[in-house]
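S.K.: Can you keep this structure in mind? I'll have questions shortly.
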2 protein chains.
Amino acid sequence: MAHSHIDACPGCEVPDLAFAAHDHAHCSADALARAEALVAEKGLRLTPVRRRVLEILLEEHRALGAYDVLTRLAAEGFGNQPPVAYRALDFLEEQGLAHRIRRLNAFTACMHPGEAHAPAFLICRGCNVVAEAPAAPVMAALQVAAGQSGFVIERSTIEALGLCPNCQVAA
Amino acid sequence: MAHSHIDACPGCEVPDLAFAAHDHAHCSADALARAEALVAEKGLRLTPVRRRVLEILLEEHRALGAYDVLTRLAAEGFGNQPPVAYRALDFLEEQGLAHRIRRLNAFTACMHPGEAHAPAFLICRGCNVVAEAPAAPVMAALQVAAGQSGFVIERSTIEALGLCPNCQVAA
DNA sequence: CTTGACATGTTATATTATAACATTTATACC
DNA sequence: GGTATAAATGTTATAATATAACATGTCAAG
Ligand SMILES: [Zn+2]
Ligand SMILES: [Zn+2]
Ligand SMILES: [Zn+2]
Ligand SMILES: [Zn+2]
């Protein structure tokens, strides 16, 4: 690889910078490479459909609906029925390579697959960009709130809707 | 009212106790009374459908799908088409009398309407109970995470899926 | 009592998601 | 290589969730 990914890497290691101008080709290529490594390591297969769906999601810091993905797949000669898209998306989500954004009924690529992370998302209603934010403190606070009633958290959904810096200026 | 609601009131003022045995008739009656007061104060109308939908949601600490609500309404002589349920649910949500649980595509009554609160939800996958948890610290942490990238939060979704104390024992 | 705003009823359709089964493709073993 | 096995994909059909658009009804103000 061209450089260390332990260090800051706009739009990739510091995903909040999804809102800022950055070398997105790098984001995308890097996430794909990590995904391939991760899947190989687990003895799983990043088949053509799965890989293509991931590439499509990686094109932008946005979330795509399953049917948007399906349209793209169909145009490229893959199956054109919903399960084709849903199965690939489900696989990617299970492997932590994509995330479901519940507020949007849509999916977005994970920009740092392999790193243990409980994701929190910032969704801009102006430009539709979706960014992953550092969620450890948020999760910790949620654990505390849950723990007070003896509730054990298994999965959590943390999504914030609002305006990114650019879109605040525009408004 | 029978007692002060500033003090602790299981299942109502301390909604995490939705998981515990409590006087739920009290929960329900109190939330409904508050809702009526709140709506009157705003010069809005808690019409028969809206009121009935709220009552239905208040029956249990669970979330109901719009079509579940619709079935109930239809059986009681209200309209039997989706907009009847969705409009009432949307009204209740806008007025803070009900909350949408995105993970479940369902709606749950707010157990302390009128109090300013950014809701966080604990969803038990064993018994399907949904509890509101104190979310201020969670929101604060999320604000910090968002603020670092200049993102301004307008609305947020915080939902945790897991097991309540009872269901942990059962498992 | 009429007007205007709000609420409800109704028809139709859009959007999102899954069940069930057939077919193909890749892997494991001989 | 050739078969058994598992995994993935394709396909048909349908379920579940949600909204657009317009007609009708209700209510309170003037
Ligand atoms: Zn990028
Ligand atoms: Zn934006
Ligand atoms: Zn209760
Ligand atoms: Zn439970």
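All residue names refer to the structure tokens as shown: chains lettered A, B, ... in order, residues numbered from 1 in each chain, ligands numbered from 1 in order.
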Run DSSP on the backbone and grab whatever in chain B lands in strand (DSSP E or B); send it over as a PyMOL selection string.
M.R.: chain B and resi 10+14+62+64+98-101+106-109+120-124+129-133+152-163
S.K.: Compile a residue-level contact table for chain C against chain A at a cut-off of 12 Å, reporting for every qualifying residue the shortest atom pair and its distance in Å to one decimal, with only C-alpha atoms (C1' of nucleotides) counted, rows ordered by chain and ascending number, as a Markdown table.
M.R.:
```
| residue | atom | partner | partner_atom | distance |
| --- | --- | --- | --- | --- |
| C:DT15 | C1' | A:Tyr67 | CA | 9.1 |
| C:DT16 | C1' | A:Asn105 | CA | 7.7 |
| C:DA17 | C1' | A:Pro82 | CA | 8.3 |
| C:DT18 | C1' | A:Pro83 | CA | 8.2 |
| C:DA19 | C1' | A:Pro83 | CA | 10.5 |
| C:DA20 | C1' | A:Pro83 | CA | 11.9 |
| C:DT25 | C1' | A:Thr47 | CA | 11.0 |
| C:DA26 | C1' | A:Arg45 | CA | 10.3 |
| C:DT27 | C1' | A:Arg45 | CA | 11.8 |
```
S.K.: Produce a file of the selected residues containing C-alpha atoms (C1' of nucleotides), as a compact mmCIF listing (two decimals), in the first residue's frame.
M.R.:
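Result saved to selection-v8.txt:
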```txt
# COMPACT_ATOMS: atom_id res chain seq x y z
C1' DT C 15 -41.78 1.13 -1.97
C1' DT C 16 -39.43 -2.22 0.75
C1' DA C 17 -38.71 -7.04 1.90
C1' DT C 18 -39.08 -12.18 2.15
C1' DA C 19 -40.66 -17.15 1.26
C1' DA C 20 -40.05 -20.99 -1.53
C1' DT C 25 -21.38 -23.07 -9.57
C1' DA C 26 -17.73 -24.05 -6.59
C1' DT C 27 -15.41 -27.19 -3.29
```
S.K.: Around ligand 4, at most 6 Å away and counting only C-alpha atoms (C1' of nucleotides) and all ligand atoms, which residues are there? Put them as a list in words, please.
M.R.: Cys124, Gly126, Cys127, Val129, Leu163, Cys164, Asn166 and Cys167 of chain B
S.K.: With N, CA, C and O atoms retained, export the selected residues as a short mmCIF file (atom, residue, chain, number, x, y, z; two decimals), in the first residue's frame.
M.R.:
```
data_model
loop_
_atom_site.label_atom_id
_atom_site.label_comp_id
_atom_site.auth_asym_id
_atom_site.auth_seq_id
_atom_site.Cartn_x
_atom_site.Cartn_y
_atom_site.Cartn_z
N CYS B 124 -36.59 -5.41 23.71
CA CYS B 124 -36.27 -6.79 24.08
C CYS B 124 -36.73 -7.74 22.98
O CYS B 124 -37.90 -7.75 22.61
N GLY B 126 -36.83 -10.84 23.30
CA GLY B 126 -37.49 -11.99 23.91
C GLY B 126 -38.98 -11.77 24.07
O GLY B 126 -39.80 -12.57 23.59
N CYS B 127 -39.34 -10.66 24.70
CA CYS B 127 -40.75 -10.42 25.02
C CYS B 127 -41.32 -9.25 24.23
O CYS B 127 -42.49 -8.90 24.41
N VAL B 129 -40.98 -6.20 24.52
CA VAL B 129 -41.25 -4.97 25.25
C VAL B 129 -40.29 -3.88 24.77
O VAL B 129 -39.13 -4.15 24.47
N LEU B 163 -31.74 -8.13 25.38
CA LEU B 163 -32.60 -8.92 26.26
C LEU B 163 -32.84 -8.19 27.58
O LEU B 163 -31.90 -7.72 28.22
N CYS B 164 -34.10 -8.14 27.97
CA CYS B 164 -34.45 -7.56 29.26
C CYS B 164 -34.11 -8.55 30.37
O CYS B 164 -33.83 -9.72 30.09
N ASN B 166 -35.81 -10.21 32.59
CA ASN B 166 -36.66 -11.41 32.61
C ASN B 166 -36.24 -12.41 31.54
O ASN B 166 -36.13 -13.61 31.81
N CYS B 167 -36.04 -11.91 30.35
CA CYS B 167 -35.75 -12.79 29.23
C CYS B 167 -34.33 -13.35 29.30
O CYS B 167 -34.04 -14.41 28.72
#
```
S.K.: Please, what distance in Å, to one decimal, runs between CA of Ala171 in chain A and CA of Pro119 in chain B?
M.R.: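 Answer for the CA of Ala171 in chain A to CA of Pro119 in chain B separation: 27.3 Å.
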S.K.: Using only C-alpha atoms (C1' of nucleotides) and all ligand atoms, determine which residues fall within 7 Å of ligand 3, then list them as an MDAnalysis selection string.
M.R.: chainID B and resid 11:12 18 22:25 27:28 60:61
S.K.: For the alpha helix (DSSP H) assignment from backbone DSSP, which residues of range 128-158 of chain B qualify? Please present them as a ChimeraX atom specification.
M.R.: /B:136-147
S.K.: Using all heavy atoms, can you export the residues from the last selection as a PDB file, in the first residue's frame?
M.R.:
```
ATOM      1  N   ALA B 136     -30.351  11.488  27.718  1.00  0.00           N
ATOM      2  CA  ALA B 136     -29.598  12.747  27.704  1.00  0.00           C
ATOM      3  C   ALA B 136     -28.090  12.519  27.570  1.00  0.00           C
ATOM      4  O   ALA B 136     -27.461  13.155  26.711  1.00  0.00           O
ATOM      5  CB  ALA B 136     -29.920  13.574  28.942  1.00  0.00           C
ATOM      6  N   PRO B 137     -27.495  11.627  28.345  1.00  0.00           N
ATOM      7  CA  PRO B 137     -26.048  11.419  28.204  1.00  0.00           C
ATOM      8  C   PRO B 137     -25.684  10.857  26.828  1.00  0.00           C
ATOM      9  O   PRO B 137     -24.642  11.187  26.266  1.00  0.00           O
ATOM     10  CB  PRO B 137     -25.719  10.386  29.290  1.00  0.00           C
ATOM     11  CG  PRO B 137     -26.860  10.433  30.247  1.00  0.00           C
ATOM     12  CD  PRO B 137     -28.063  10.813  29.445  1.00  0.00           C
ATOM     13  N   VAL B 138     -26.559  10.013  26.310  1.00  0.00           N
ATOM     14  CA  VAL B 138     -26.314   9.432  24.989  1.00  0.00           C
ATOM     15  C   VAL B 138     -26.323  10.527  23.934  1.00  0.00           C
ATOM     16  O   VAL B 138     -25.426  10.622  23.086  1.00  0.00           O
ATOM     17  CB  VAL B 138     -27.378   8.367  24.647  1.00  0.00           C
ATOM     18  CG1 VAL B 138     -27.054   7.712  23.317  1.00  0.00           C
ATOM     19  CG2 VAL B 138     -27.460   7.330  25.754  1.00  0.00           C
ATOM     20  N   MET B 139     -27.344  11.377  24.017  1.00  0.00           N
ATOM     21  CA  MET B 139     -27.437  12.496  23.083  1.00  0.00           C
ATOM     22  C   MET B 139     -26.227  13.404  23.181  1.00  0.00           C
ATOM     23  O   MET B 139     -25.705  13.879  22.175  1.00  0.00           O
ATOM     24  CB  MET B 139     -28.699  13.310  23.387  1.00  0.00           C
ATOM     25  CG  MET B 139     -29.959  12.693  22.873  1.00  0.00           C
ATOM     26  SD  MET B 139     -29.885  12.470  21.088  1.00  0.00           S
ATOM     27  CE  MET B 139     -29.605  14.171  20.550  1.00  0.00           C
ATOM     28  N   ALA B 140     -25.807  13.647  24.410  1.00  0.00           N
ATOM     29  CA  ALA B 140     -24.654  14.523  24.615  1.00  0.00           C
ATOM     30  C   ALA B 140     -23.430  13.946  23.910  1.00  0.00           C
ATOM     31  O   ALA B 140     -22.699  14.662  23.215  1.00  0.00           O
ATOM     32  CB  ALA B 140     -24.389  14.700  26.107  1.00  0.00           C
ATOM     33  N   ALA B 141     -23.210  12.655  24.079  1.00  0.00           N
ATOM     34  CA  ALA B 141     -22.063  12.009  23.442  1.00  0.00           C
ATOM     35  C   ALA B 141     -22.174  12.087  21.921  1.00  0.00           C
ATOM     36  O   ALA B 141     -21.182  12.307  21.210  1.00  0.00           O
ATOM     37  CB  ALA B 141     -21.961  10.553  23.888  1.00  0.00           C
ATOM     38  N   LEU B 142     -23.392  11.926  21.445  1.00  0.00           N
ATOM     39  CA  LEU B 142     -23.605  11.979  19.996  1.00  0.00           C
ATOM     40  C   LEU B 142     -23.352  13.402  19.478  1.00  0.00           C
ATOM     41  O   LEU B 142     -22.750  13.588  18.418  1.00  0.00           O
ATOM     42  CB  LEU B 142     -25.030  11.515  19.682  1.00  0.00           C
ATOM     43  CG  LEU B 142     -25.400  11.285  18.225  1.00  0.00           C
ATOM     44  CD1 LEU B 142     -24.416  10.355  17.537  1.00  0.00           C
ATOM     45  CD2 LEU B 142     -26.810  10.716  18.127  1.00  0.00           C
ATOM     46  N   GLN B 143     -23.805  14.382  20.229  1.00  0.00           N
ATOM     47  CA  GLN B 143     -23.565  15.781  19.858  1.00  0.00           C
ATOM     48  C   GLN B 143     -22.069  16.057  19.747  1.00  0.00           C
ATOM     49  O   GLN B 143     -21.618  16.748  18.838  1.00  0.00           O
ATOM     50  CB  GLN B 143     -24.158  16.727  20.918  1.00  0.00           C
ATOM     51  CG  GLN B 143     -25.674  16.756  20.986  1.00  0.00           C
ATOM     52  CD  GLN B 143     -26.312  17.572  19.863  1.00  0.00           C
ATOM     53  OE1 GLN B 143     -25.619  18.094  18.994  1.00  0.00           O
ATOM     54  NE2 GLN B 143     -27.642  17.631  19.882  1.00  0.00           N
ATOM     55  N   VAL B 144     -21.312  15.514  20.692  1.00  0.00           N
ATOM     56  CA  VAL B 144     -19.859  15.720  20.667  1.00  0.00           C
ATOM     57  C   VAL B 144     -19.269  15.109  19.398  1.00  0.00           C
ATOM     58  O   VAL B 144     -18.515  15.752  18.675  1.00  0.00           O
ATOM     59  CB  VAL B 144     -19.198  15.085  21.912  1.00  0.00           C
ATOM     60  CG1 VAL B 144     -17.682  15.031  21.747  1.00  0.00           C
ATOM     61  CG2 VAL B 144     -19.585  15.867  23.162  1.00  0.00           C
ATOM     62  N   ALA B 145     -19.668  13.857  19.123  1.00  0.00           N
ATOM     63  CA  ALA B 145     -19.138  13.185  17.943  1.00  0.00           C
ATOM     64  C   ALA B 145     -19.480  13.958  16.671  1.00  0.00           C
ATOM     65  O   ALA B 145     -18.650  14.119  15.782  1.00  0.00           O
ATOM     66  CB  ALA B 145     -19.705  11.762  17.866  1.00  0.00           C
ATOM     67  N   ALA B 146     -20.710  14.449  16.617  1.00  0.00           N
ATOM     68  CA  ALA B 146     -21.143  15.185  15.427  1.00  0.00           C
ATOM     69  C   ALA B 146     -20.438  16.534  15.339  1.00  0.00           C
ATOM     70  O   ALA B 146     -19.999  16.958  14.264  1.00  0.00           O
ATOM     71  CB  ALA B 146     -22.662  15.386  15.463  1.00  0.00           C
ATOM     72  N   GLY B 147     -20.336  17.188  16.487  1.00  0.00           N
ATOM     73  CA  GLY B 147     -19.752  18.524  16.522  1.00  0.00           C
ATOM     74  C   GLY B 147     -18.330  18.552  15.992  1.00  0.00           C
ATOM     75  O   GLY B 147     -17.901  19.535  15.373  1.00  0.00           O
TER      76      GLY B 147
END
```
S.K.: Compute the chain B side of the contact with chain A at 6 Å, counting only C-alpha atoms, and hand it back as a ChimeraX atom specification.
M.R.: /B:16,137-138,141-142,149-165
S.K.: Suppose we keep N, CA, C and O atoms; can you now write the selection as a CSV table (one decimal), in the first residue's frame?
M.R.:
```
chain,number,residue,atom,x,y,z
B,16,ASP,N,-37.9,2.7,32.4
B,16,ASP,CA,-37.1,1.5,32.3
B,16,ASP,C,-37.8,0.3,33.0
B,16,ASP,O,-37.7,-0.8,32.6
B,137,PRO,N,-27.5,11.6,28.3
B,137,PRO,CA,-26.0,11.4,28.2
B,137,PRO,C,-25.7,10.9,26.8
B,137,PRO,O,-24.6,11.2,26.3
B,138,VAL,N,-26.6,10.0,26.3
B,138,VAL,CA,-26.3,9.4,25.0
B,138,VAL,C,-26.3,10.5,23.9
B,138,VAL,O,-25.4,10.6,23.1
B,141,ALA,N,-23.2,12.7,24.1
B,141,ALA,CA,-22.1,12.0,23.4
B,141,ALA,C,-22.2,12.1,21.9
B,141,ALA,O,-21.2,12.3,21.2
B,142,LEU,N,-23.4,11.9,21.4
B,142,LEU,CA,-23.6,12.0,20.0
B,142,LEU,C,-23.4,13.4,19.5
B,142,LEU,O,-22.7,13.6,18.4
B,149,SER,N,-17.2,17.3,13.5
B,149,SER,CA,-17.1,17.4,12.1
B,149,SER,C,-18.0,18.6,11.6
B,149,SER,O,-18.3,18.8,10.4
B,150,GLY,N,-18.5,19.4,12.6
B,150,GLY,CA,-19.3,20.5,12.2
B,150,GLY,C,-20.7,20.2,11.9
B,150,GLY,O,-21.5,21.0,11.3
B,151,PHE,N,-21.1,18.9,12.1
B,151,PHE,CA,-22.5,18.5,11.7
B,151,PHE,C,-23.5,18.9,12.8
B,151,PHE,O,-23.2,18.8,14.0
B,152,VAL,N,-24.6,19.4,12.4
B,152,VAL,CA,-25.6,19.9,13.3
B,152,VAL,C,-26.8,18.9,13.3
B,152,VAL,O,-27.5,18.7,12.3
B,153,ILE,N,-27.0,18.3,14.5
B,153,ILE,CA,-28.1,17.3,14.6
B,153,ILE,C,-29.5,17.9,14.8
B,153,ILE,O,-29.6,18.8,15.6
B,154,GLU,N,-30.4,17.4,14.0
B,154,GLU,CA,-31.8,17.9,14.1
B,154,GLU,C,-32.7,16.8,14.8
B,154,GLU,O,-33.5,17.2,15.6
B,155,ARG,N,-32.5,15.6,14.4
B,155,ARG,CA,-33.3,14.5,14.9
B,155,ARG,C,-32.4,13.3,15.1
B,155,ARG,O,-31.5,13.1,14.3
B,156,SER,N,-32.6,12.5,16.0
B,156,SER,CA,-31.8,11.3,16.1
B,156,SER,C,-32.6,10.0,16.5
B,156,SER,O,-33.7,10.1,17.1
B,157,THR,N,-32.0,8.9,16.1
B,157,THR,CA,-32.6,7.6,16.3
B,157,THR,C,-31.6,6.8,17.2
B,157,THR,O,-30.5,6.6,16.7
B,158,ILE,N,-32.1,6.5,18.3
B,158,ILE,CA,-31.2,5.7,19.2
B,158,ILE,C,-32.0,4.5,19.7
B,158,ILE,O,-32.9,4.6,20.5
B,159,GLU,N,-31.6,3.3,19.2
B,159,GLU,CA,-32.4,2.1,19.6
B,159,GLU,C,-31.4,1.0,19.9
B,159,GLU,O,-30.5,0.8,19.2
B,160,ALA,N,-31.7,0.3,21.0
B,160,ALA,CA,-30.8,-0.8,21.4
B,160,ALA,C,-31.7,-2.1,21.4
B,160,ALA,O,-32.8,-2.1,21.9
B,161,LEU,N,-31.2,-3.1,20.7
B,161,LEU,CA,-31.9,-4.4,20.7
B,161,LEU,C,-31.1,-5.4,21.6
B,161,LEU,O,-29.9,-5.4,21.6
B,162,GLY,N,-31.8,-6.1,22.4
B,162,GLY,CA,-31.2,-7.0,23.3
B,162,GLY,C,-32.2,-7.8,24.2
B,162,GLY,O,-33.3,-8.1,23.7
B,163,LEU,N,-31.7,-8.1,25.4
B,163,LEU,CA,-32.6,-8.9,26.3
B,163,LEU,C,-32.8,-8.2,27.6
B,163,LEU,O,-31.9,-7.7,28.2
B,164,CYS,N,-34.1,-8.1,28.0
B,164,CYS,CA,-34.5,-7.6,29.3
B,164,CYS,C,-34.1,-8.5,30.4
B,164,CYS,O,-33.8,-9.7,30.1
B,165,PRO,N,-34.1,-8.1,31.6
B,165,PRO,CA,-33.7,-9.0,32.7
B,165,PRO,C,-34.5,-10.3,32.7
B,165,PRO,O,-33.9,-11.4,32.9
```
S.K.: Can you tell me which residues surround Val39 in chain A at a distance of at most 12 Å, considering only C-alpha atoms (C1' of nucleotides), apart from same-chain residues fewer than 2 positions away, and format the answer as a ChimeraX atom specification?
M.R.: /A:32-37,41-47,50-51,91-92,94-97,113-114
S.K.: I'd like the contact shell of Leu70 in chain A - 12 Å cut-off, only C-alpha atoms (C1' of nucleotides), skipping same-chain residues fewer than 2 positions apart - returned as a list in words.
M.R.: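 Returned residues: Val49, Arg50, Arg52, Val53, Ile56, Leu57, Leu64, Gly65, Ala66, Tyr67, Asp68, Arg72, Leu73, Ala74, Ala75, Glu76, Gly77, Phe78, Gly79, Asn80, Gln81, Pro82, Pro83, Val84, Ala85, Tyr86, Arg87, Ala88 and Leu89 of chain A.
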S.K.: I'd like to know which of A:Leu58, A:Val69, A:Ala21, A:Leu38 is closest to ligand 2, using only C-alpha atoms and all ligand atoms.
M.R.: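 With only C-alpha atoms and all ligand atoms as the atom set, the closest residue is A:Ala21.
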S.K.: Just checking: using only C-alpha atoms (C1' of nucleotides), which residue out of B:Asp90, B:Asn128, B:Ala31, B:His26 ends up closest to chain D?
M.R.: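 Nearest candidate to chain D out of B:Asp90, B:Asn128, B:Ala31, B:His26: B:Asp90.
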S.K.: I want to know what sits within 8 Å of range 18-30 of chain D, based on only C-alpha atoms (C1' of nucleotides), with residues of the same chain fewer than 2 positions away left out; could you give that as a ChimeraX atom specification?
M.R.: /C:7-10,14-15
S.K.: In Å to one decimal, how far is C1' of DC30 in chain C from C1' of DT5 in chain D?
M.R.: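 Atom-to-atom, C1' of DT5 in chain D and C1' of DC30 in chain C are spaced 13.1 Å apart.
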